[in-house]
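Quick look at model01.cif (mmCIF, C-alpha atoms and all ligand atoms):
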data_final
#
loop_
_atom_site.label_atom_id
_atom_site.label_comp_id
_atom_site.auth_asym_id
_atom_site.auth_seq_id
_atom_site.Cartn_x
_atom_site.Cartn_y
_atom_site.Cartn_z
CA MET B 1 0.00 0.00 0.00
CA HIS B 2 2.82 2.35 0.96
CA ASP B 3 4.71 1.85 -2.36
CA PHE B 4 1.69 2.63 -4.47
CA GLN B 5 0.85 5.72 -2.40
CA SER B 6 4.36 7.13 -2.83
CA ASN B 7 4.30 6.35 -6.60
CA ILE B 8 1.03 8.15 -7.06
CA ASN B 9 2.47 11.15 -5.22
CA LYS B 10 5.45 11.31 -7.59
CA ASN B 11 3.79 10.40 -10.88
CA ARG B 12 0.15 11.38 -10.60
CA LEU B 13 -2.15 11.98 -13.56
CA LEU B 14 -5.08 13.57 -11.73
CA SER B 15 -5.75 15.62 -8.60
CA LYS B 16 -4.99 14.89 -4.94
CA ARG B 17 -8.54 13.74 -4.24
CA PHE B 18 -7.62 10.40 -5.88
CA GLN B 19 -5.27 9.59 -3.01
CA TYR B 20 -6.29 7.13 -0.30
CA ALA B 21 -6.74 8.35 3.28
CA GLN B 22 -7.30 5.65 5.88
CA GLY B 23 -10.40 5.98 8.04
CA VAL B 24 -12.24 8.56 5.89
CA SER B 25 -15.73 7.18 5.49
CA SER B 26 -17.49 9.84 3.42
CA PRO B 27 -17.94 8.78 -0.21
CA THR B 28 -17.25 11.09 -3.14
CA ARG B 29 -19.84 13.77 -3.96
CA GLY B 30 -22.96 12.59 -5.76
CA ILE B 31 -22.78 9.02 -4.41
CA LYS B 32 -25.54 7.90 -2.05
CA PHE B 33 -24.49 5.86 0.95
CA SER B 34 -26.71 3.81 3.31
CA ALA B 35 -26.01 2.39 6.78
CA LEU B 36 -25.71 -1.10 5.30
CA GLN B 37 -23.15 0.17 2.80
CA GLU B 38 -21.11 1.82 5.56
CA ILE B 39 -20.93 -1.47 7.52
CA ALA B 40 -19.70 -3.28 4.40
CA ARG B 41 -17.21 -0.48 3.62
CA LYS B 42 -15.70 -0.60 7.10
CA GLY B 43 -15.47 -4.38 6.87
CA VAL B 44 -13.45 -4.21 3.64
CA GLU B 45 -11.22 -1.38 4.87
CA GLN B 46 -10.34 -3.26 8.07
CA LYS B 47 -9.58 -6.49 6.20
CA VAL B 48 -7.20 -4.60 3.90
CA ILE B 49 -5.44 -3.03 6.91
CA ASP B 50 -5.21 -6.43 8.65
CA ASP B 51 -3.86 -8.11 5.47
CA ILE B 52 -6.84 -10.47 5.33
CA TYR B 53 -7.48 -9.08 1.85
CA THR B 54 -4.16 -9.19 0.04
CA PHE B 55 -3.03 -7.76 -3.31
CA GLU B 56 -0.95 -9.05 -6.21
CA GLU B 57 0.42 -7.73 -9.49
CA ASN B 58 -2.00 -7.47 -12.41
CA GLY B 59 0.10 -6.80 -15.52
CA CYS B 60 -1.40 -5.24 -18.64
CA PHE B 61 -3.10 -7.39 -21.27
CA CYS B 62 -0.66 -6.00 -23.88
CA ARG B 63 2.32 -7.07 -21.68
CA HIS B 64 3.73 -3.53 -21.52
CA LYS B 65 5.06 -2.47 -18.11
CA GLU B 66 5.03 1.36 -18.18
CA VAL B 67 2.03 2.99 -16.52
CA MET B 68 0.67 6.32 -15.35
CA PHE B 69 -0.87 6.29 -11.84
CA ILE B 70 -4.48 7.42 -11.71
CA ALA B 71 -5.90 6.66 -8.26
CA ALA B 72 -5.20 4.94 -4.95
CA ARG B 73 -8.82 4.96 -3.78
CA ASP B 74 -12.30 4.23 -5.09
CA ARG B 75 -15.54 6.19 -4.78
CA TYR B 76 -16.08 4.87 -1.20
CA ASN B 77 -12.51 5.67 -0.16
CA LEU B 78 -11.37 2.07 -0.16
CA TYR B 79 -7.72 1.42 -1.01
CA TYR B 80 -7.79 0.77 -4.75
CA PRO B 81 -4.73 1.25 -7.00
CA VAL B 82 -5.67 2.23 -10.57
CA VAL B 83 -3.25 2.73 -13.46
CA ILE B 84 -3.39 3.31 -17.21
CA CYS B 85 -1.08 1.45 -19.59
CA LYS B 86 1.09 3.90 -21.51
CA ARG B 87 1.06 1.68 -24.57
CA CYS B 88 -2.49 0.38 -25.15
CA GLY B 89 -4.45 2.81 -22.94
CA LEU B 90 -6.29 0.10 -20.98
CA ILE B 91 -7.11 1.18 -17.42
CA ARG B 92 -6.68 -1.50 -14.78
CA ASN B 93 -6.59 -2.14 -11.05
CA ASP B 94 -2.95 -3.00 -10.31
CA PRO B 95 -2.06 -4.42 -7.85
CA ARG B 96 -5.50 -5.99 -7.45
CA MET B 97 -6.87 -8.25 -4.75
CA THR B 98 -5.95 -11.94 -4.97
CA ARG B 99 -8.49 -14.45 -6.20
CA SER B 100 -9.10 -15.80 -2.69
CA SER B 101 -9.61 -12.26 -1.31
CA TYR B 102 -12.15 -11.56 -4.07
CA ARG B 103 -13.96 -14.81 -3.27
CA GLU B 104 -14.49 -13.69 0.32
CA PHE B 105 -15.30 -10.11 -0.71
CA TYR B 106 -18.02 -11.24 -3.16
CA ASP B 107 -19.39 -13.62 -0.57
CA ILE B 108 -19.55 -11.18 2.34
CA GLU B 109 -19.40 -7.47 1.45
CA TYR B 110 -19.90 -6.95 -2.27
CA ARG B 111 -23.69 -6.90 -2.62
CA ASN B 112 -24.27 -4.69 0.43
CA LEU B 113 -21.41 -2.33 -0.47
CA TYR B 114 -22.96 -1.61 -3.86
CA GLY B 115 -26.47 -1.05 -2.50
CA ASP B 116 -28.00 -4.39 -3.40
CA GLY B 117 -28.96 -5.11 0.20
CA ASP B 118 -31.08 -1.94 0.25
CA LEU B 119 -33.37 -3.16 -2.56
CA GLU B 120 -36.37 -5.49 -2.25
CA ILE B 121 -35.86 -8.80 -4.05
CA ASP B 122 -38.86 -8.35 -6.38
CA VAL B 123 -37.51 -4.93 -7.42
CA LYS B 124 -34.18 -6.57 -8.32
CA TRP B 125 -36.05 -9.32 -10.16
CA ASN B 126 -37.98 -6.81 -12.28
CA ILE B 127 -34.78 -4.89 -13.11
CA GLY B 128 -33.25 -8.18 -14.31
CA VAL B 129 -36.29 -9.03 -16.44
CA ARG B 130 -36.25 -5.59 -18.12
CA LYS B 131 -32.50 -5.90 -18.71
CA GLY B 132 -33.05 -9.29 -20.40
CA GLU B 133 -35.63 -7.77 -22.78
CA LYS B 134 -33.14 -5.06 -23.77
CA ILE B 135 -30.38 -7.62 -24.37
CA TRP B 136 -32.71 -9.73 -26.51
CA GLN B 137 -33.72 -6.62 -28.51
CA PHE B 138 -30.08 -5.61 -29.03
CA VAL B 139 -29.21 -9.09 -30.33
CA ALA B 140 -32.40 -9.51 -32.40
CA ASP B 141 -31.83 -6.13 -34.14
CA SER B 142 -28.57 -7.45 -35.58
CA LEU B 143 -29.53 -11.08 -35.98
CA PRO B 144 -33.18 -11.38 -37.02
CA GLY B 145 -34.57 -14.87 -36.52
CA PHE B 146 -31.64 -15.85 -34.27
CA GLN B 147 -32.30 -18.97 -32.17
CA GLY B 148 -30.25 -21.48 -30.20
CA VAL B 149 -28.49 -22.03 -26.88
CA VAL B 150 -27.86 -19.05 -24.58
CA PHE B 151 -25.52 -19.08 -21.55
CA ASP B 152 -25.56 -16.18 -19.09
CA VAL B 153 -22.23 -15.98 -17.21
CA GLY B 154 -22.77 -14.13 -13.91
CA CYS B 155 -26.54 -14.39 -14.30
CA TYR B 156 -27.37 -13.28 -10.70
CA MET B 157 -31.02 -14.42 -10.38
CA GLY B 158 -31.29 -15.56 -13.99
CA ALA B 159 -34.04 -13.00 -14.66
CA SER B 160 -32.43 -11.81 -17.91
CA LEU B 161 -32.68 -15.32 -19.35
CA LEU B 162 -36.46 -15.14 -19.19
CA ALA B 163 -36.56 -12.96 -22.35
CA PHE B 164 -34.79 -15.78 -24.22
CA SER B 165 -36.49 -18.84 -22.68
CA LYS B 166 -39.97 -17.49 -23.45
CA ARG B 167 -38.92 -17.06 -27.11
CA GLY B 168 -37.85 -20.68 -27.45
CA PHE B 169 -34.12 -20.45 -26.71
CA VAL B 170 -32.44 -23.18 -24.63
CA VAL B 171 -30.95 -21.30 -21.68
CA ALA B 172 -28.55 -21.84 -18.78
CA GLY B 173 -26.85 -19.53 -16.32
CA VAL B 174 -24.17 -19.53 -13.61
CA ASP B 175 -23.48 -17.32 -10.64
CA TYR B 176 -21.83 -17.70 -7.23
CA GLY B 177 -24.82 -16.45 -5.18
CA ARG B 178 -26.83 -19.55 -4.23
CA GLU B 179 -29.70 -17.72 -2.53
CA HIS B 180 -30.54 -15.50 -5.50
CA LEU B 181 -30.31 -18.42 -7.92
CA GLU B 182 -32.87 -20.38 -5.89
CA TYR B 183 -35.20 -17.39 -6.02
CA GLY B 184 -34.62 -17.14 -9.78
CA LYS B 185 -35.43 -20.80 -10.38
CA LYS B 186 -38.69 -20.42 -8.49
CA TYR B 187 -39.82 -17.29 -10.33
CA SER B 188 -38.57 -17.91 -13.86
CA GLY B 189 -39.18 -21.63 -14.10
CA VAL B 190 -35.66 -21.82 -15.63
CA LYS B 191 -34.12 -24.97 -14.16
CA ASN B 192 -30.60 -24.70 -15.60
CA LEU B 193 -29.23 -22.14 -13.14
CA TYR B 194 -26.05 -23.35 -11.42
CA VAL B 195 -23.91 -22.17 -8.54
CA GLY B 196 -20.38 -21.63 -9.85
CA GLY B 197 -18.47 -20.25 -12.82
CA ILE B 198 -17.72 -21.08 -16.44
CA GLU B 199 -16.62 -24.62 -15.48
CA ARG B 200 -20.24 -25.51 -14.62
CA LEU B 201 -21.34 -24.55 -18.16
CA ALA B 202 -18.43 -26.52 -19.63
CA GLU B 203 -19.82 -29.63 -17.87
CA LEU B 204 -23.10 -29.35 -19.82
CA ASN B 205 -23.46 -31.49 -22.89
CA LYS B 206 -23.92 -28.51 -25.21
CA LYS B 207 -22.17 -25.37 -26.45
CA ALA B 208 -23.56 -21.85 -26.74
CA ASP B 209 -24.79 -19.92 -29.76
CA LEU B 210 -24.82 -16.80 -27.58
CA ILE B 211 -23.01 -15.92 -24.37
CA ILE B 212 -24.31 -13.06 -22.21
CA LEU B 213 -21.59 -11.25 -20.28
CA SER B 214 -23.49 -8.37 -18.72
CA HIS B 215 -21.39 -6.29 -16.31
CA VAL B 216 -18.99 -9.19 -15.79
CA ILE B 217 -15.92 -8.50 -17.95
CA GLU B 218 -14.87 -5.52 -15.77
CA HIS B 219 -14.75 -7.91 -12.77
CA LEU B 220 -12.56 -10.62 -14.32
CA VAL B 221 -9.44 -11.42 -12.31
CA ASP B 222 -7.58 -12.90 -15.30
CA LEU B 223 -8.98 -11.34 -18.47
CA GLU B 224 -7.14 -13.55 -20.92
CA SER B 225 -7.62 -16.99 -19.41
CA GLU B 226 -11.24 -16.41 -18.41
CA LEU B 227 -12.24 -15.13 -21.86
CA LYS B 228 -10.42 -18.10 -23.43
CA ASN B 229 -12.46 -20.44 -21.21
CA ILE B 230 -15.64 -18.68 -22.33
CA ARG B 231 -14.57 -19.03 -25.98
CA ASN B 232 -14.20 -22.80 -25.43
CA ILE B 233 -17.86 -23.22 -24.47
CA MET B 234 -19.05 -21.44 -27.65
CA LYS B 235 -19.94 -23.04 -30.99
CA PRO B 236 -17.97 -21.90 -34.07
CA ASN B 237 -19.42 -18.57 -35.32
CA ALA B 238 -21.28 -18.07 -32.02
CA TYR B 239 -21.86 -14.63 -30.52
CA ILE B 240 -21.03 -12.93 -27.27
CA TYR B 241 -22.98 -9.96 -25.88
CA ILE B 242 -20.96 -7.70 -23.58
CA ALA B 243 -22.22 -4.84 -21.44
CA THR B 244 -19.71 -2.91 -19.32
CA PRO B 245 -19.57 0.71 -18.10
CA GLY B 246 -18.08 2.64 -21.04
CA LEU B 247 -15.32 4.82 -19.62
CA PHE B 248 -16.07 7.99 -21.62
CA TRP B 249 -19.84 7.68 -21.76
CA ARG B 250 -20.41 6.81 -18.12
CA THR B 251 -18.05 9.44 -16.69
CA THR B 252 -19.75 12.15 -18.75
CA LYS B 253 -23.37 11.04 -18.85
CA VAL B 254 -23.89 9.33 -15.51
CA HIS B 255 -21.30 10.85 -13.17
CA ASN B 256 -21.31 14.45 -14.44
CA ARG B 257 -17.56 14.26 -15.24
CA ASN B 258 -16.69 13.09 -11.73
CA PHE B 259 -14.33 10.24 -12.70
CA LEU B 260 -13.81 9.24 -9.06
CA ALA B 261 -17.51 8.30 -8.89
CA LEU B 262 -16.87 5.67 -11.57
CA LEU B 263 -14.12 3.95 -9.57
CA ASN B 264 -15.40 0.82 -7.90
CA ASN B 265 -13.13 -1.58 -6.03
CA ALA B 266 -14.85 -4.61 -7.55
CA HIS B 267 -13.75 -3.56 -11.05
CA THR B 268 -10.41 -4.84 -12.31
CA TYR B 269 -10.70 -3.03 -15.70
CA TYR B 270 -12.27 0.07 -17.26
CA PHE B 271 -12.90 -0.16 -21.00
CA SER B 272 -13.50 2.25 -23.81
CA LEU B 273 -15.06 0.68 -26.90
CA ASP B 274 -11.61 0.73 -28.56
CA THR B 275 -9.79 -1.05 -25.71
CA LEU B 276 -12.59 -3.62 -25.47
CA VAL B 277 -12.44 -4.30 -29.22
CA TYR B 278 -8.63 -4.62 -28.93
CA VAL B 279 -8.87 -7.22 -26.13
CA MET B 280 -11.66 -9.17 -27.85
CA GLU B 281 -9.97 -9.19 -31.27
CA CYS B 282 -6.73 -10.44 -29.72
CA LEU B 283 -8.71 -13.32 -28.22
CA GLY B 284 -10.45 -14.33 -31.46
CA PHE B 285 -13.65 -12.30 -31.64
CA GLU B 286 -14.79 -9.64 -34.12
CA LEU B 287 -17.10 -6.72 -33.43
CA VAL B 288 -20.58 -6.98 -34.94
CA LYS B 289 -21.85 -3.78 -33.36
CA GLY B 290 -21.15 -1.70 -30.28
CA ASN B 291 -21.60 1.72 -28.75
CA ASN B 292 -19.71 3.93 -26.32
CA ARG B 293 -22.12 3.16 -23.50
CA ILE B 294 -20.75 0.00 -23.85
CA LYS B 295 -23.19 -2.56 -25.20
CA ALA B 296 -21.54 -4.69 -27.82
CA LEU B 297 -21.99 -7.86 -29.81
CA PHE B 298 -18.97 -9.90 -30.94
CA LYS B 299 -18.68 -12.96 -33.14
CA LYS B 300 -16.25 -15.82 -32.60
CA LYS B 301 -13.77 -16.13 -35.46
CA ASP B 302 -10.70 -18.23 -36.26
CA SER B 303 -7.99 -15.58 -36.49
CA CYS B 304 -6.65 -13.31 -33.72
CA ARG B 305 -5.33 -9.73 -33.78
CA SER B 306 -1.72 -9.39 -32.69
CA LYS B 307 -1.26 -7.88 -29.22
CA ASP B 308 1.31 -5.55 -30.81
CA ASN B 309 -1.45 -4.06 -32.94
CA ILE B 310 -2.54 -1.75 -30.10
CA PRO B 311 -5.45 0.70 -30.40
CA HIS B 312 -3.64 3.63 -31.94
CA GLY B 313 -3.71 6.86 -29.91
CA GLU B 314 -5.98 5.40 -27.19
CA TYR B 315 -3.57 6.19 -24.34
CA ARG B 316 -3.29 9.85 -25.40
CA ARG B 317 -7.05 10.14 -25.97
CA THR B 318 -7.91 8.63 -22.55
CA LYS B 319 -5.29 10.68 -20.73
CA ALA B 320 -6.54 13.91 -22.32
CA PHE B 321 -10.14 12.98 -21.50
CA LEU B 322 -9.34 12.29 -17.83
CA LYS B 323 -7.41 15.53 -17.43
CA ARG B 324 -10.14 17.55 -19.15
CA THR B 325 -13.00 16.04 -17.14
CA GLU B 326 -11.10 16.48 -13.86
CA ALA B 327 -10.39 20.15 -14.67
CA PHE B 328 -14.08 20.67 -15.46
CA TYR B 329 -15.16 18.86 -12.29
CA SER B 330 -12.87 20.90 -10.00
CA LEU B 331 -14.07 24.10 -11.65
CA THR B 332 -17.75 23.22 -10.99
CA CYS B 333 -16.89 22.37 -7.36
CA ARG B 334 -15.26 25.79 -6.93
CA VAL B 335 -18.25 27.55 -8.52
CA ILE B 336 -20.65 25.68 -6.22
CA ARG B 337 -18.61 26.69 -3.15
CA LEU B 338 -18.63 30.30 -4.33
CA LEU B 339 -22.40 30.24 -4.90
CA ALA B 340 -22.89 28.85 -1.40
CA LEU B 341 -21.03 31.88 -0.06
CA PHE B 342 -23.54 34.19 -1.74
CA HIS B 343 -26.51 32.02 -0.66
CA VAL B 344 -27.72 31.49 -4.24
CA LYS B 345 -26.91 27.77 -4.46
CA GLY B 346 -30.59 26.73 -4.33
CA VAL B 347 -31.63 28.92 -7.28
CA VAL B 348 -28.69 27.79 -9.42
CA LYS B 349 -29.35 24.12 -8.54
CA TRP B 350 -32.96 24.55 -9.69
CA LEU B 351 -31.82 26.14 -12.96
CA LEU B 352 -29.29 23.35 -13.48
CA SER B 353 -31.94 20.65 -12.90
CA LYS B 354 -34.10 22.33 -15.58
CA PHE B 355 -31.09 22.34 -17.90
CA VAL B 356 -30.46 18.62 -17.28
CA THR B 357 -34.12 17.74 -17.96
CA MET B 358 -33.97 19.73 -21.19
CA ARG B 359 -30.71 18.08 -22.22
CA ARG B 360 -32.17 14.59 -21.56
CA PHE B 361 -35.24 15.45 -23.64
CA TYR B 362 -33.12 16.51 -26.61
CA GLU B 363 -30.76 13.56 -26.28
CA LYS B 364 -33.71 11.19 -26.35
CA ARG B 365 -35.06 12.90 -29.43
CA TYR B 366 -31.70 13.27 -31.18
CA PRO B 367 -29.57 10.39 -29.81
CA ILE B 368 -25.81 10.94 -29.98
CA PHE B 369 -24.53 7.65 -28.65
CA GLN B 370 -26.05 5.03 -30.86
CA LYS B 371 -24.53 2.36 -33.06
CA GLY B 372 -20.92 2.62 -34.18
CA ASN B 373 -18.18 4.64 -32.56
ZN ZN B 401 -1.31 -2.23 -22.21
#

Once more with this new file: its structure as structure tokens, please.
Amino acid sequence: MHDFQSNINKNRLLSKRFQYAQGVSSPTRGIKFSALQEIARKGVEQKVIDDIYTFEENGCFCRHKEVMFIAARDRYNLYYPVVICKRCGLIRNDPRMTRSSYREFYDIEYRNLYGDGDLEIDVKWNIGVRKGEKIWQFVADSLPGFQGVVFDVGCYMGASLLAFSKRGFVVAGVDYGREHLEYGKKYSGVKNLYVGGIERLAELNKKADLIILSHVIEHLVDLESELKNIRNIMKPNAYIYIATPGLFWRTTKVHNRNFLALLNNAHTYYFSLDTLVYVMECLGFELVKGNNRIKALFKKKDSCRSKDNIPHGEYRRTKAFLKRTEAFYSLTCRVIRLLALFHVKGVVKWLLSKFVTMRRFYEKRYPIFQKGN
């Protein structure tokens, strides 16, 4: 922990607020925090201090060693080293927690830390069902009449599979949370939901025409080997749907340019569409369609892109974006403090909310982030 902190002091890309300070419990601005979340946060922080949760090196996918240090903390002020590769521009958590530390973290603190424990189970179920409909729509738009076997890796309750099973697909899903899977089986009628990982799907006597990887790839401990294992349970020419928080889109559209709000200690990677396409092409997939948000569909193919064929200019583009958004964010914070001094914060907040509503209306009518880059 000490080494990373001193590195980030010497070679820091962004502002001081990205440094870790032990014992500070307040999350970054704009992030809601419940009592249940605070208990989970303290639990993780203490385990890191006591070396119960340990860290190990997580080298870049492109094998390059040189990095720029971005952060030593996440949005909840948990120790969380984040770097960007100076060659390919992929942002990663390095050093990251060991596999056994993650296993305990996902088992004990993860769901409560990210607000899941504050939601009713039927609310979560309905969110999953709606998400499944959107995934089906995204796939069906590109592949009309598509049918076959669908595996959902990290399926949670399996609710997203309902959209496929009711349309005649053969479905199966895996997740590590036993309790939620039991609930899912009861409500969806889908029997093939298993506790475990990709190995459980490999044991089935069939291969997939479509893999769903929704908000999973950013959690993978070993990107290369786990995606290779997923590739092995796919038929030739099969598809893989990937949803992950798009670095540029999410920082701008969801977190109002507050990049710290995007940082989440459960994430081992942050992708732009270009870095995701790079990783996937190197592992034998080609892009069918994708957007900056990131929702993307890839197809399994025989050839692989060379790891030396890095996404050109992505490091410079990402670095410039992070510096620009951080400058904008600190400026808005200063303006807000100034307005508070003159007691006009309420009026300006009201005007800003009107502006945001207007912007959302126009963006819905004239979408900017659709298909393509
Ligand atoms: Zn790299």

Can you tell me which residues sit at most 12 Å away from ligand ZN 401 (chain B), counting only C-alpha atoms and all ligand atoms, written as a ChimeraX atom specification? /B:58-68,83-92,269,271,275-276,278-279,307-312,314-315

Which residues come within 10 Å of Ala21 in chain B, counting only C-alpha atoms, excluding same-chain residues fewer than 6 positions away, as a PyMOL selection string? chain B and resi 5+72-73+77-79

With C-alpha atoms retained, could you export that selection as a JSON list (two decimals), in the frame of the given file?
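See result.json below for the written result:
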[["chain", "number", "residue", "atom", "x", "y", "z"],
["B", 5, "GLN", "CA", 0.85, 5.72, -2.40],
["B", 72, "ALA", "CA", -5.20, 4.94, -4.95],
["B", 73, "ARG", "CA", -8.82, 4.96, -3.78],
["B", 77, "ASN", "CA", -12.51, 5.67, -0.16],
["B", 78, "LEU", "CA", -11.37, 2.07, -0.16],
["B", 79, "TYR", "CA", -7.72, 1.42, -1.01]]

Skip Arg178 in chain B itself and residues of its chain fewer than 3 positions away, then list as a PyMOL selection string all residues within 7 Å of it, counting only C-alpha atoms. chain B and resi 181-182+195

Just C-alpha atoms for this one: save the residues we selected as a tab-separated table (two decimals), keeping the file's coordinate frame.
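Output saved as selection-v2.tsv:
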chain	number	residue	atom	x	y	z
B	181	LEU	CA	-30.31	-18.42	-7.92
B	182	GLU	CA	-32.87	-20.38	-5.89
B	195	VAL	CA	-23.91	-22.17	-8.54

How many Å lie between CA of Asp209 in chain B and CA of Phe138 in chain B, rounded to one decimal? 15.3 Å

Can you work out which one of B:Tyr156, B:Phe298, B:Tyr194, B:Tyr80 has the shortest atom-to-atom distance to His215 in chain B, counting all atoms listed in the file?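 Using all atoms listed in the file, the shortest distance to His215 in chain B belongs to B:Tyr156.
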
Just the number, please: distance in Å from CA of Leu162 in chain B to CA of Arg231 in chain B, one decimal.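 Calculated distance between CA of Leu162 in chain B and CA of Arg231 in chain B is 23.2 Å.
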
List the neighbours of Val150 in chain B out to 9 Å using all atoms listed in the file; skip same-chain residues closer than 4 positions along the sequence, and give me the result as a PyMOL selection string. chain B and resi 161+164-165+169-173+207-212

Residues of the last selection are to be written out with C-alpha atoms, as a PDB file, in the frame of the given file.
ATOM      1  CA  LEU B 161     -32.680 -15.320 -19.350  1.00  0.00           C
ATOM      2  CA  PHE B 164     -34.790 -15.780 -24.220  1.00  0.00           C
ATOM      3  CA  SER B 165     -36.490 -18.840 -22.680  1.00  0.00           C
ATOM      4  CA  PHE B 169     -34.120 -20.450 -26.710  1.00  0.00           C
ATOM      5  CA  VAL B 170     -32.440 -23.180 -24.630  1.00  0.00           C
ATOM      6  CA  VAL B 171     -30.950 -21.300 -21.680  1.00  0.00           C
ATOM      7  CA  ALA B 172     -28.550 -21.840 -18.780  1.00  0.00           C
ATOM      8  CA  GLY B 173     -26.850 -19.530 -16.320  1.00  0.00           C
ATOM      9  CA  LYS B 207     -22.170 -25.370 -26.450  1.00  0.00           C
ATOM     10  CA  ALA B 208     -23.560 -21.850 -26.740  1.00  0.00           C
ATOM     11  CA  ASP B 209     -24.790 -19.920 -29.760  1.00  0.00           C
ATOM     12  CA  LEU B 210     -24.820 -16.800 -27.580  1.00  0.00           C
ATOM     13  CA  ILE B 211     -23.010 -15.920 -24.370  1.00  0.00           C
ATOM     14  CA  ILE B 212     -24.310 -13.060 -22.210  1.00  0.00           C
TER      15      ILE B 212
END
